[in-house]
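Right, one structure below, let's go through it.
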Amino acid sequence: MKVPFLDFVGPYEELRAELDEAYFRFMRTGWYILGRETEAFEQEFAEYCGSKYCIGVGNGLEALHLILRAYGIGEGDEVVVPSNTYIATWLAVSQVGATPVPVEPDPRTYNLDPARIESALTPRTKAIMPVHLYGQPADMDPILEIARRRGLKVIEDNAQAQGARYKGRRTGSLGDAAGNSFYPGKNLGAFGDAGAITTDDPQLAENVRLLRNYGSKVKYHNEVKGYNSRLDEMQAAFLRVKLRKLDEWNERRSQVAADYLAKMRGGPELTLPFVPDWAKPVWHLFVVRHPDRISLQQKLAEAGVGTLIHYPVPPHLSGAYSEAGWKEGAFPIAEELARKVLSLPVGPHVASEQVAGVITEVNRIVRALRA
Ligand SMILES: *Cc1c(COP(=O)(O)O)cnc(C)c1O
């Protein structure tokens, strides 16, 4: 049995006719940056998320960065971020000169724990950035309630969760604004780097539109010191094709996850993902915990099952944040997750025989490691 962790060629083959058609259509336009494909994708993705506006940008990190910029968050400000996330969430805050203030996750959902937010707030706090980690929506209502009461912005990091639902509503439309990533491995993946901002806030939409394009609406009339962070036409053309397939592929991910959850034997050693009843995740990753995850990973590799670790080092202990002086033990939940998590193969490419094989191997290896 061979079950690769990721497969980009299978999904391409499945959509080859439409993707190739999009490529040739794009090549013949002779127009490569900020044109009709980007505009059409922006409209279609806004509609998909249930947001009023979508602004295509260069990647997910830039999406988060430009939102913070456009809200005027910077030097001397603080932004609440999860202690357990991909480092991009933190880096966006650091890039505008503000300070990321980590808050621990709920150990069952791995997402920002609303009950821990209040004690992290100071008069300098300007925003809360929940991440819909691994494709599972964060518990947004209590977060939005705190933000409303304290006059804070809520910026969703929706990089891993395109299509997920929180109490019936799509992520990316729940806060003041959201950053989306279309990195190839994400649920809606481009064939290169790409990202987008979604929002209902017309002022923010206008400001990030300016910022992504050198601060100009009219060429060579630069109103502010902007950036070059544009979603290019070719990626937009490909993303339009893939967006039409997103729900079906998310559904296939859910089927894989449902089989894993039904037939993998969780227990004191193997912790399976927990899904609150208000959450409809899109299973960007299927993450289990095991106290000896290195042996589990090694034995799964021997059995032909590819796995990865998301993430081995929490941001506060990474070299990038060494100047902040965090010590081990500062965020014990994030640190324990970093020691124990292991991501199993999930995606539109995983066939049902492969799912069955992964379940058999995980159950067998967990039992053997216990003995
Ligand atoms: C991928 C990712 C990002 C950044 O997206 P890029 O397109 O790679 O810049 C941000 N946050 C999270 C949680 C991510 O997984």
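Residues are named by chain letter and number: chains run A, B, ... in the order of the structure tokens, numbers start at 1 in each chain, and ligands are numbered from 1 in the order shown.
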
Next on the checklist: To check your reading of the model: which residues sit at most 10 Å from ligand 1 when counting only C-alpha atoms and all ligand atoms? Write the answer as a PyMOL selection string.
Outcome noted: chain A and resi 57-65+82+84-92+130-135+156-161+179-186+189-190+192-196+284+310

Item to check | alpha helix (DSSP H) per DSSP on the backbone: members of range 101-219 of chain A, as number ranges by chain | outcome: A: 140-150, 202-212

Restrict the selected residues to C-alpha atoms and save them as a short mmCIF file (atom, residue, chain, number, x, y, z; two decimals), in the first residue's frame.
```cif
data_model
loop_
_atom_site.label_atom_id
_atom_site.label_comp_id
_atom_site.auth_asym_id
_atom_site.auth_seq_id
_atom_site.Cartn_x
_atom_site.Cartn_y
_atom_site.Cartn_z
CA MET A 140 -16.47 32.82 16.82
CA ASP A 141 -19.54 34.01 18.76
CA PRO A 142 -17.82 34.51 22.13
CA ILE A 143 -14.80 36.01 20.35
CA LEU A 144 -17.02 38.48 18.47
CA GLU A 145 -18.84 39.31 21.71
CA ILE A 146 -15.59 40.19 23.50
CA ALA A 147 -14.43 42.23 20.50
CA ARG A 148 -17.68 44.17 20.28
CA ARG A 149 -17.60 44.97 23.99
CA ARG A 150 -13.95 46.09 23.88
CA PRO A 202 -16.35 48.91 2.16
CA GLN A 203 -13.67 51.21 3.60
CA LEU A 204 -11.33 48.32 4.33
CA ALA A 205 -11.97 46.88 0.86
CA GLU A 206 -11.02 50.18 -0.74
CA ASN A 207 -7.93 50.59 1.41
CA VAL A 208 -6.52 47.13 0.74
CA ARG A 209 -7.22 47.57 -2.98
CA LEU A 210 -4.99 50.63 -2.85
CA LEU A 211 -2.32 48.99 -0.72
CA ARG A 212 -1.96 45.88 -2.88
#
```

List every residue of range 205-319 of chain A that has an atom at most 9 Å from any atom of range 32-54 of chain A, and for each one report the closest atom pair and its distance in Å to one decimal, counting only C-alpha atoms, with rows sorted by chain and then by increasing residue number, as a Markdown table.
```
| residue | atom | partner | partner_atom | distance |
| --- | --- | --- | --- | --- |
| A:Ala205 | CA | A:Tyr53 | CA | 6.6 |
| A:Arg230 | CA | A:Leu34 | CA | 7.3 |
| A:Leu231 | CA | A:Thr38 | CA | 6.9 |
| A:Asp232 | CA | A:Ile33 | CA | 5.0 |
| A:Glu233 | CA | A:Tyr32 | CA | 5.2 |
| A:Met234 | CA | A:Tyr32 | CA | 6.9 |
| A:Gln235 | CA | A:Thr38 | CA | 8.3 |
| A:Ala236 | CA | A:Thr38 | CA | 5.1 |
| A:Ala237 | CA | A:Glu37 | CA | 5.4 |
| A:Leu239 | CA | A:Phe41 | CA | 7.2 |
| A:Arg240 | CA | A:Phe41 | CA | 5.6 |
| A:Leu243 | CA | A:Phe45 | CA | 7.6 |
```

Just write the chosen residues, N, CA and C atoms, as a tab-separated table (two decimals), in the first residue's frame.
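Final file, selection_28.tsv:
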```tsv
chain	number	residue	atom	x	y	z
A	205	ALA	N	-12.13	47.42	2.22
A	205	ALA	CA	-11.97	46.88	0.86
A	205	ALA	C	-11.25	47.91	-0.01
A	230	ARG	N	-0.33	41.42	-5.70
A	230	ARG	CA	-1.52	41.23	-6.53
A	230	ARG	C	-1.69	39.76	-6.89
A	231	LEU	N	-2.93	39.34	-6.89
A	231	LEU	CA	-3.26	38.01	-7.40
A	231	LEU	C	-3.14	38.09	-8.91
A	232	ASP	N	-2.32	37.21	-9.53
A	232	ASP	CA	-2.16	37.38	-10.97
A	232	ASP	C	-3.23	36.64	-11.77
A	233	GLU	N	-3.39	37.07	-12.99
A	233	GLU	CA	-4.50	36.62	-13.83
A	233	GLU	C	-4.49	35.11	-14.06
A	234	MET	N	-3.29	34.54	-14.22
A	234	MET	CA	-3.23	33.11	-14.51
A	234	MET	C	-3.71	32.31	-13.29
A	235	GLN	N	-3.25	32.69	-12.10
A	235	GLN	CA	-3.71	31.98	-10.90
A	235	GLN	C	-5.21	32.17	-10.71
A	236	ALA	N	-5.69	33.38	-10.99
A	236	ALA	CA	-7.13	33.64	-10.84
A	236	ALA	C	-7.93	32.73	-11.79
A	237	ALA	N	-7.42	32.57	-13.01
A	237	ALA	CA	-8.12	31.71	-13.99
A	237	ALA	C	-8.18	30.27	-13.48
A	239	LEU	N	-7.90	29.32	-10.29
A	239	LEU	CA	-8.69	29.27	-9.06
A	239	LEU	C	-10.19	29.26	-9.36
A	240	ARG	N	-10.60	29.92	-10.44
A	240	ARG	CA	-12.02	29.91	-10.80
A	240	ARG	C	-12.48	28.49	-11.13
A	243	LEU	N	-12.48	26.54	-7.77
A	243	LEU	CA	-13.55	26.96	-6.85
A	243	LEU	C	-14.84	26.20	-7.13
```

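CA of Gly266 in chain A lies 20.1 Å from CA of Ala301 in chain A.
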
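If you measure from each of A:Lys245, A:Val362, A:Leu188, A:Ile309 to Leu15 in chain A using only C-alpha atoms, the closest one turns out to be A:Lys245.
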
Checklist entry - Using only C-alpha atoms, which of A:Ala279, A:Val101, A:Val218, A:Ala262 sits nearest Ala138 in chain A? => result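 Of all the options, A:Ala279 lies closest to Ala138 in chain A.
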
Checklist entry - Please, which residues of range 88-321 of chain A, numbered as in this document, come out strand (DSSP E or B) from DSSP, as a ChimeraX atom specification? => result /A:99-103,105,112,125-128,131,153-157,165-166,169-170,177-181,195-199,213,216-218,221-222,228,232,271,279-280,286-289,305,308

Checklist entry - Hey, what's within 12 Å of Tyr311 in chain A if we count only C-alpha atoms and toss same-chain stuff fewer than 3 positions away? As a PyMOL selection string, please? => result chain A and resi 83-87+110+133-134+285+287+289+308+314-315+317-318+334-343

Output the selection as a PDB file, in the first residue's frame - C-alpha atoms for each residue.
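In the end it all went to part.pdb:
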```pdb
ATOM      1  CA  SER A  83      -0.264  30.167  20.635  1.00  0.00           C
ATOM      2  CA  ASN A  84      -0.899  27.160  18.378  1.00  0.00           C
ATOM      3  CA  THR A  85      -0.862  28.189  14.731  1.00  0.00           C
ATOM      4  CA  TYR A  86       1.288  28.372  11.651  1.00  0.00           C
ATOM      5  CA  ILE A  87       3.791  31.188  12.252  1.00  0.00           C
ATOM      6  CA  TYR A 110      -6.866  23.138  19.000  1.00  0.00           C
ATOM      7  CA  LEU A 133      -6.884  25.736  12.307  1.00  0.00           C
ATOM      8  CA  TYR A 134      -6.732  22.466  10.375  1.00  0.00           C
ATOM      9  CA  LEU A 285      -5.645  18.367   7.997  1.00  0.00           C
ATOM     10  CA  VAL A 287      -4.522  15.671  13.160  1.00  0.00           C
ATOM     11  CA  ARG A 289      -2.096  13.082  19.001  1.00  0.00           C
ATOM     12  CA  LEU A 308       3.541  15.265   8.408  1.00  0.00           C
ATOM     13  CA  PRO A 314       5.248  26.643  18.392  1.00  0.00           C
ATOM     14  CA  PRO A 315       5.916  30.214  17.201  1.00  0.00           C
ATOM     15  CA  LEU A 317       9.826  28.965  20.793  1.00  0.00           C
ATOM     16  CA  SER A 318      10.950  29.534  17.198  1.00  0.00           C
ATOM     17  CA  ALA A 334       0.761  24.720  22.426  1.00  0.00           C
ATOM     18  CA  GLU A 335       4.005  23.038  23.486  1.00  0.00           C
ATOM     19  CA  GLU A 336       2.319  19.721  24.233  1.00  0.00           C
ATOM     20  CA  LEU A 337       0.547  19.801  20.873  1.00  0.00           C
ATOM     21  CA  ALA A 338       3.847  20.511  19.136  1.00  0.00           C
ATOM     22  CA  ARG A 339       5.290  17.388  20.815  1.00  0.00           C
ATOM     23  CA  LYS A 340       2.386  15.031  20.064  1.00  0.00           C
ATOM     24  CA  VAL A 341       0.527  15.965  16.883  1.00  0.00           C
ATOM     25  CA  LEU A 342       0.692  13.958  13.677  1.00  0.00           C
ATOM     26  CA  SER A 343      -1.262  14.658  10.481  1.00  0.00           C
TER      27      SER A 343
END
```

Checklist entry - For Phe331 in chain A, which residue out of A:Ala115, A:Ala22, A:Val103, A:Val154 is the nearest one, using only C-alpha atoms? => result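 That would be A:Val103, the residue with the smallest distance to Phe331 in chain A.
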
Checklist entry - Could you name the residues that touch Leu6 in chain A at 9 Å or less, counting only C-alpha atoms, but leaving out those on the same chain fewer than 2 positions away, as a list of chain:residue names? => result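 Everything that qualifies: A:Val3, A:Pro4, A:Phe8, A:Gly185, A:Gly306, A:Pro345, A:Val346, A:Gly347, A:His349, A:Val350.
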
Just the selected residues (all heavy atoms), exported as a PDB file, in the first residue's frame, please.
```
ATOM      1  N   VAL A   3       0.175   5.389   0.431  1.00  0.00           N
ATOM      2  CA  VAL A   3      -0.747   6.514   0.603  1.00  0.00           C
ATOM      3  C   VAL A   3       0.078   7.780   0.819  1.00  0.00           C
ATOM      4  O   VAL A   3       0.547   8.043   1.929  1.00  0.00           O
ATOM      5  CB  VAL A   3      -1.695   6.307   1.807  1.00  0.00           C
ATOM      6  CG1 VAL A   3      -2.779   7.388   1.805  1.00  0.00           C
ATOM      7  CG2 VAL A   3      -2.323   4.928   1.790  1.00  0.00           C
ATOM      8  N   PRO A   4       0.295   8.548  -0.263  1.00  0.00           N
ATOM      9  CA  PRO A   4       1.084   9.770  -0.089  1.00  0.00           C
ATOM     10  C   PRO A   4       0.310  10.761   0.765  1.00  0.00           C
ATOM     11  O   PRO A   4      -0.926  10.770   0.754  1.00  0.00           O
ATOM     12  CB  PRO A   4       1.244  10.303  -1.514  1.00  0.00           C
ATOM     13  CG  PRO A   4       0.112   9.718  -2.288  1.00  0.00           C
ATOM     14  CD  PRO A   4      -0.230   8.403  -1.625  1.00  0.00           C
ATOM     15  N   PHE A   8      -0.651  16.259  -5.817  1.00  0.00           N
ATOM     16  CA  PHE A   8      -1.120  17.396  -6.615  1.00  0.00           C
ATOM     17  C   PHE A   8      -1.476  16.985  -8.036  1.00  0.00           C
ATOM     18  O   PHE A   8      -2.191  17.688  -8.724  1.00  0.00           O
ATOM     19  CB  PHE A   8      -0.049  18.498  -6.650  1.00  0.00           C
ATOM     20  CG  PHE A   8       0.152  19.147  -5.301  1.00  0.00           C
ATOM     21  CD1 PHE A   8       1.365  19.052  -4.650  1.00  0.00           C
ATOM     22  CD2 PHE A   8      -0.883  19.829  -4.696  1.00  0.00           C
ATOM     23  CE1 PHE A   8       1.549  19.654  -3.409  1.00  0.00           C
ATOM     24  CE2 PHE A   8      -0.722  20.435  -3.458  1.00  0.00           C
ATOM     25  CZ  PHE A   8       0.499  20.335  -2.816  1.00  0.00           C
ATOM     26  N   GLY A 185      -1.076  23.650  -1.339  1.00  0.00           N
ATOM     27  CA  GLY A 185      -1.552  22.594  -0.443  1.00  0.00           C
ATOM     28  C   GLY A 185      -2.843  22.925   0.294  1.00  0.00           C
ATOM     29  O   GLY A 185      -3.392  22.067   0.994  1.00  0.00           O
ATOM     30  N   GLY A 306       2.159   8.167   4.271  1.00  0.00           N
ATOM     31  CA  GLY A 306       2.856   9.441   4.461  1.00  0.00           C
ATOM     32  C   GLY A 306       2.150  10.289   5.517  1.00  0.00           C
ATOM     33  O   GLY A 306       0.926  10.387   5.534  1.00  0.00           O
ATOM     34  N   PRO A 345      -2.941  11.306   6.134  1.00  0.00           N
ATOM     35  CA  PRO A 345      -3.343  11.739   4.792  1.00  0.00           C
ATOM     36  C   PRO A 345      -4.851  11.993   4.706  1.00  0.00           C
ATOM     37  O   PRO A 345      -5.654  11.170   5.150  1.00  0.00           O
ATOM     38  CB  PRO A 345      -2.973  10.553   3.887  1.00  0.00           C
ATOM     39  CG  PRO A 345      -2.089   9.672   4.695  1.00  0.00           C
ATOM     40  CD  PRO A 345      -2.359   9.954   6.134  1.00  0.00           C
ATOM     41  N   VAL A 346      -5.223  13.153   4.178  1.00  0.00           N
ATOM     42  CA  VAL A 346      -6.623  13.452   3.910  1.00  0.00           C
ATOM     43  C   VAL A 346      -6.648  14.368   2.695  1.00  0.00           C
ATOM     44  O   VAL A 346      -5.760  15.193   2.515  1.00  0.00           O
ATOM     45  CB  VAL A 346      -7.301  14.107   5.144  1.00  0.00           C
ATOM     46  CG1 VAL A 346      -6.716  15.459   5.483  1.00  0.00           C
ATOM     47  CG2 VAL A 346      -8.809  14.233   4.954  1.00  0.00           C
ATOM     48  N   GLY A 347      -7.643  14.175   1.846  1.00  0.00           N
ATOM     49  CA  GLY A 347      -7.710  15.021   0.659  1.00  0.00           C
ATOM     50  C   GLY A 347      -8.551  14.345  -0.398  1.00  0.00           C
ATOM     51  O   GLY A 347      -8.913  13.169  -0.254  1.00  0.00           O
ATOM     52  N   HIS A 349      -7.652  13.228  -2.992  1.00  0.00           N
ATOM     53  CA  HIS A 349      -6.908  12.173  -3.692  1.00  0.00           C
ATOM     54  C   HIS A 349      -6.921  10.838  -2.962  1.00  0.00           C
ATOM     55  O   HIS A 349      -6.449   9.841  -3.499  1.00  0.00           O
ATOM     56  CB  HIS A 349      -5.454  12.612  -3.878  1.00  0.00           C
ATOM     57  CG  HIS A 349      -4.695  12.723  -2.572  1.00  0.00           C
ATOM     58  ND1 HIS A 349      -4.892  13.756  -1.690  1.00  0.00           N
ATOM     59  CD2 HIS A 349      -3.761  11.918  -2.007  1.00  0.00           C
ATOM     60  CE1 HIS A 349      -4.093  13.594  -0.636  1.00  0.00           C
ATOM     61  NE2 HIS A 349      -3.398  12.483  -0.810  1.00  0.00           N
ATOM     62  N   VAL A 350      -7.418  10.805  -1.726  1.00  0.00           N
ATOM     63  CA  VAL A 350      -7.314   9.569  -0.938  1.00  0.00           C
ATOM     64  C   VAL A 350      -8.522   8.668  -1.232  1.00  0.00           C
ATOM     65  O   VAL A 350      -9.661   9.031  -0.942  1.00  0.00           O
ATOM     66  CB  VAL A 350      -7.213   9.877   0.569  1.00  0.00           C
ATOM     67  CG1 VAL A 350      -6.994   8.593   1.355  1.00  0.00           C
ATOM     68  CG2 VAL A 350      -6.063  10.855   0.838  1.00  0.00           C
TER      69      VAL A 350
END
```

Checklist entry - Between A:Ile294, A:Ala164, A:Ala177, A:Met129, which is the closest to Ser254 in chain A once you count only C-alpha atoms? => result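 The shortest atom-to-atom distance to Ser254 in chain A comes from A:Ala164.
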
Checklist entry - Between A:Arg367, A:Arg169, A:His290, A:Arg108, which has the minimum distance to Ile333 in chain A (counting only C-alpha atoms)? => result A:Arg108

Next on the checklist: My list of candidates is A:Phe26, A:Trp278, A:Tyr260, A:Trp326. Which is closest to Lys167 in chain A when distances are computed with only C-alpha atoms?
Outcome noted: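 Smallest distance to Lys167 in chain A is found for A:Trp278.
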
Next on the checklist: Please report the interatomic distance between CA of Val79 in chain A and CA of Ala98 in chain A in Å with one decimal.
Outcome noted: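 For CA of Val79 in chain A relative to CA of Ala98 in chain A, the distance reads 7.1 Å.
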
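Here CA of Gly304 in chain A is placed at a distance of 19.9 Å from CA of Arg265 in chain A.
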
All residues 8 Å or closer to Gly74 in chain A, only C-alpha atoms, same chain fewer than 3 positions away omitted, as a compact mmCIF listing (two decimals) with all heavy atoms, in the first residue's frame:
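Output below, filename result36.txt:
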```
# COMPACT_ATOMS: atom_id res chain seq x y z
N LEU A 68 -4.20 44.30 8.49
CA LEU A 68 -3.71 44.99 9.69
C LEU A 68 -3.27 46.41 9.35
O LEU A 68 -3.59 47.38 10.05
CB LEU A 68 -2.55 44.20 10.30
CG LEU A 68 -2.93 42.86 10.94
CD1 LEU A 68 -1.71 41.97 11.09
CD2 LEU A 68 -3.57 43.09 12.32
N ARG A 69 -2.52 46.54 8.25
CA ARG A 69 -2.07 47.84 7.75
C ARG A 69 -3.25 48.78 7.52
O ARG A 69 -3.27 49.92 7.95
CB ARG A 69 -1.46 47.65 6.38
CG ARG A 69 -0.03 47.70 6.22
CD ARG A 69 0.60 48.98 6.45
NE ARG A 69 1.87 48.50 6.95
CZ ARG A 69 2.87 49.18 7.34
NH1 ARG A 69 2.80 50.47 7.36
NH2 ARG A 69 3.96 48.62 7.74
N ASP A 77 0.90 48.73 19.22
CA ASP A 77 -0.38 48.02 19.33
C ASP A 77 -0.14 46.53 19.61
O ASP A 77 0.92 45.99 19.31
CB ASP A 77 -1.18 48.15 18.03
CG ASP A 77 -1.59 49.59 17.76
OD1 ASP A 77 -1.74 50.36 18.74
OD2 ASP A 77 -1.75 49.94 16.57
N VAL A 96 3.70 44.65 10.72
CA VAL A 96 3.21 46.02 10.82
C VAL A 96 3.79 46.73 12.05
O VAL A 96 3.43 47.86 12.35
CB VAL A 96 1.65 46.10 10.85
CG1 VAL A 96 1.07 45.59 9.55
CG2 VAL A 96 1.07 45.38 12.05
N GLY A 97 4.67 46.03 12.77
CA GLY A 97 5.32 46.64 13.93
C GLY A 97 4.54 46.46 15.22
O GLY A 97 4.94 46.97 16.27
N ALA A 98 3.42 45.72 15.17
CA ALA A 98 2.64 45.46 16.39
C ALA A 98 3.17 44.21 17.09
O ALA A 98 4.04 43.51 16.55
CB ALA A 98 1.17 45.31 16.03
```

Please list as a tab-separated table (two decimals) with all heavy atoms, in the first residue's frame every residue within 12 Å of Ala258 in chain A, counting only C-alpha atoms and excluding residues in the same chain fewer than 6 positions away.
```
chain	number	residue	atom	x	y	z
A	251	GLU	N	-16.21	17.75	0.48
A	251	GLU	CA	-17.09	16.64	0.87
A	251	GLU	C	-16.31	15.33	0.90
A	251	GLU	O	-16.47	14.51	1.80
A	251	GLU	CB	-18.26	16.57	-0.12
A	251	GLU	CG	-19.52	15.94	0.43
A	251	GLU	CD	-19.80	16.33	1.89
A	251	GLU	OE1	-19.98	17.53	2.21
A	251	GLU	OE2	-19.83	15.40	2.73
A	252	ARG	N	-15.42	15.15	-0.08
A	252	ARG	CA	-14.60	13.93	-0.09
A	252	ARG	C	-13.66	13.90	1.12
A	252	ARG	O	-13.44	12.85	1.73
A	252	ARG	CB	-13.76	13.87	-1.37
A	252	ARG	CG	-14.52	13.18	-2.49
A	252	ARG	CD	-13.53	12.76	-3.57
A	252	ARG	NE	-13.80	13.47	-4.80
A	252	ARG	CZ	-12.94	13.57	-5.82
A	252	ARG	NH1	-11.74	13.03	-5.74
A	252	ARG	NH2	-13.28	14.21	-6.91
A	264	MET	N	-11.10	4.35	13.54
A	264	MET	CA	-9.83	4.37	14.26
A	264	MET	C	-10.15	4.28	15.73
A	264	MET	O	-11.09	4.91	16.20
A	264	MET	CB	-9.10	5.69	13.99
A	264	MET	CG	-7.90	5.52	13.11
A	264	MET	SD	-7.23	7.12	12.68
A	264	MET	CE	-6.84	6.79	10.97
A	272	LEU	N	-8.14	11.39	18.90
A	272	LEU	CA	-8.70	11.73	17.58
A	272	LEU	C	-9.25	13.16	17.62
A	272	LEU	O	-9.54	13.68	18.69
A	272	LEU	CB	-9.81	10.73	17.22
A	272	LEU	CG	-9.35	9.27	17.08
A	272	LEU	CD1	-10.56	8.35	16.92
A	272	LEU	CD2	-8.41	9.10	15.91
A	273	PRO	N	-9.42	13.78	16.45
A	273	PRO	CA	-9.97	15.14	16.43
A	273	PRO	C	-11.37	15.18	17.04
A	273	PRO	O	-12.14	14.22	16.92
A	273	PRO	CB	-10.04	15.48	14.93
A	273	PRO	CG	-9.15	14.53	14.25
A	273	PRO	CD	-9.09	13.29	15.09
A	274	PHE	N	-11.67	16.31	17.69
A	274	PHE	CA	-12.99	16.53	18.29
A	274	PHE	C	-13.69	17.63	17.51
A	274	PHE	O	-13.12	18.68	17.24
A	274	PHE	CB	-12.82	16.94	19.76
A	274	PHE	CG	-14.08	17.48	20.38
A	274	PHE	CD1	-15.09	16.61	20.79
A	274	PHE	CD2	-14.26	18.85	20.53
A	274	PHE	CE1	-16.26	17.11	21.35
A	274	PHE	CE2	-15.44	19.35	21.10
A	274	PHE	CZ	-16.44	18.48	21.50
A	275	VAL	N	-14.95	17.37	17.13
A	275	VAL	CA	-15.71	18.36	16.35
A	275	VAL	C	-16.93	18.80	17.15
A	275	VAL	O	-17.84	18.00	17.38
A	275	VAL	CB	-16.17	17.76	15.00
A	275	VAL	CG1	-16.91	18.80	14.18
A	275	VAL	CG2	-14.98	17.22	14.22
A	280	LYS	N	-18.73	22.77	11.12
A	280	LYS	CA	-18.64	21.92	9.93
A	280	LYS	C	-17.26	22.15	9.33
A	280	LYS	O	-17.04	23.07	8.53
A	280	LYS	CB	-19.76	22.30	8.95
A	280	LYS	CG	-19.76	21.56	7.63
A	280	LYS	CD	-20.73	20.39	7.62
A	280	LYS	CE	-20.78	19.64	6.29
A	280	LYS	NZ	-19.51	19.00	5.88
A	281	PRO	N	-16.29	21.32	9.76
A	281	PRO	CA	-14.92	21.53	9.29
A	281	PRO	C	-14.73	21.06	7.85
A	281	PRO	O	-15.55	20.30	7.33
A	281	PRO	CB	-14.09	20.67	10.25
A	281	PRO	CG	-15.01	19.67	10.82
A	281	PRO	CD	-16.41	20.19	10.70
A	282	VAL	N	-13.64	21.52	7.23
A	282	VAL	CA	-13.33	21.06	5.87
A	282	VAL	C	-12.06	20.23	5.82
A	282	VAL	O	-11.51	19.96	4.75
A	282	VAL	CB	-13.23	22.24	4.86
A	282	VAL	CG1	-14.62	22.80	4.57
A	282	VAL	CG2	-12.30	23.32	5.37
A	283	TRP	N	-11.58	19.81	7.01
A	283	TRP	CA	-10.49	18.85	7.09
A	283	TRP	C	-9.33	19.19	6.19
A	283	TRP	O	-8.90	18.37	5.38
A	283	TRP	CB	-11.04	17.43	6.81
A	283	TRP	CG	-12.12	17.07	7.78
A	283	TRP	CD1	-13.47	17.07	7.56
A	283	TRP	CD2	-11.94	16.71	9.15
A	283	TRP	NE1	-14.15	16.75	8.72
A	283	TRP	CE2	-13.23	16.52	9.70
A	283	TRP	CE3	-10.82	16.55	9.98
A	283	TRP	CZ2	-13.44	16.17	11.04
A	283	TRP	CZ3	-11.03	16.19	11.30
A	283	TRP	CH2	-12.32	16.01	11.82
A	286	PHE	N	-6.06	16.22	9.04
A	286	PHE	CA	-6.64	15.32	10.04
A	286	PHE	C	-5.53	15.03	11.05
A	286	PHE	O	-4.60	14.28	10.76
A	286	PHE	CB	-7.15	14.03	9.38
A	286	PHE	CG	-7.93	13.15	10.33
A	286	PHE	CD1	-9.33	13.22	10.37
A	286	PHE	CD2	-7.28	12.27	11.19
A	286	PHE	CE1	-10.06	12.41	11.25
A	286	PHE	CE2	-8.00	11.47	12.07
A	286	PHE	CZ	-9.39	11.54	12.11
A	346	VAL	N	-5.22	13.15	4.18
A	346	VAL	CA	-6.62	13.45	3.91
A	346	VAL	C	-6.65	14.37	2.70
A	346	VAL	O	-5.76	15.19	2.52
A	346	VAL	CB	-7.30	14.11	5.14
A	346	VAL	CG1	-6.72	15.46	5.48
A	346	VAL	CG2	-8.81	14.23	4.95
A	352	SER	N	-10.98	5.15	-1.13
A	352	SER	CA	-11.54	4.46	0.04
A	352	SER	C	-10.70	3.25	0.47
A	352	SER	O	-10.60	2.97	1.66
A	352	SER	CB	-12.99	4.07	-0.20
A	352	SER	OG	-13.10	3.34	-1.39
A	355	VAL	N	-8.02	4.69	2.58
A	355	VAL	CA	-8.56	5.06	3.90
A	355	VAL	C	-8.60	3.82	4.79
A	355	VAL	O	-8.13	3.85	5.94
A	355	VAL	CB	-9.97	5.67	3.77
A	355	VAL	CG1	-10.58	5.92	5.15
A	355	VAL	CG2	-9.93	6.97	2.97
A	356	ALA	N	-9.13	2.73	4.24
A	356	ALA	CA	-9.21	1.49	5.01
A	356	ALA	C	-7.83	1.03	5.44
A	356	ALA	O	-7.63	0.59	6.58
A	356	ALA	CB	-9.90	0.41	4.18
A	359	ILE	N	-6.46	3.15	8.30
A	359	ILE	CA	-7.13	2.80	9.57
A	359	ILE	C	-6.53	1.52	10.15
A	359	ILE	O	-6.18	1.46	11.33
A	359	ILE	CB	-8.66	2.65	9.34
A	359	ILE	CG1	-9.27	4.01	8.99
A	359	ILE	CG2	-9.34	2.05	10.58
A	359	ILE	CD1	-10.67	3.94	8.41
```

Item to check | Shell around Leu296 in chain A at 7 Å using only C-alpha atoms, local window under 4 positions removed, as a VMD selection string | outcome: chain A and resid 292 300 365

Only N, CA, C and O atoms, please: the residues just picked out, written as a short mmCIF file (atom, residue, chain, number, x, y, z; two decimals), in the first residue's frame.
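Generated file (out-v1.cif):
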```cif
data_model
loop_
_atom_site.label_atom_id
_atom_site.label_comp_id
_atom_site.auth_asym_id
_atom_site.auth_seq_id
_atom_site.Cartn_x
_atom_site.Cartn_y
_atom_site.Cartn_z
N ASP A 292 4.04 9.06 21.58
CA ASP A 292 5.27 8.66 20.87
C ASP A 292 5.03 8.81 19.37
O ASP A 292 5.09 7.86 18.61
N LEU A 300 4.35 4.08 10.38
CA LEU A 300 3.41 4.34 9.28
C LEU A 300 4.17 4.51 7.97
O LEU A 300 3.73 4.02 6.92
N ILE A 365 -0.52 -0.34 14.68
CA ILE A 365 0.71 0.24 15.22
C ILE A 365 0.48 0.80 16.64
O ILE A 365 1.32 0.60 17.52
#
```
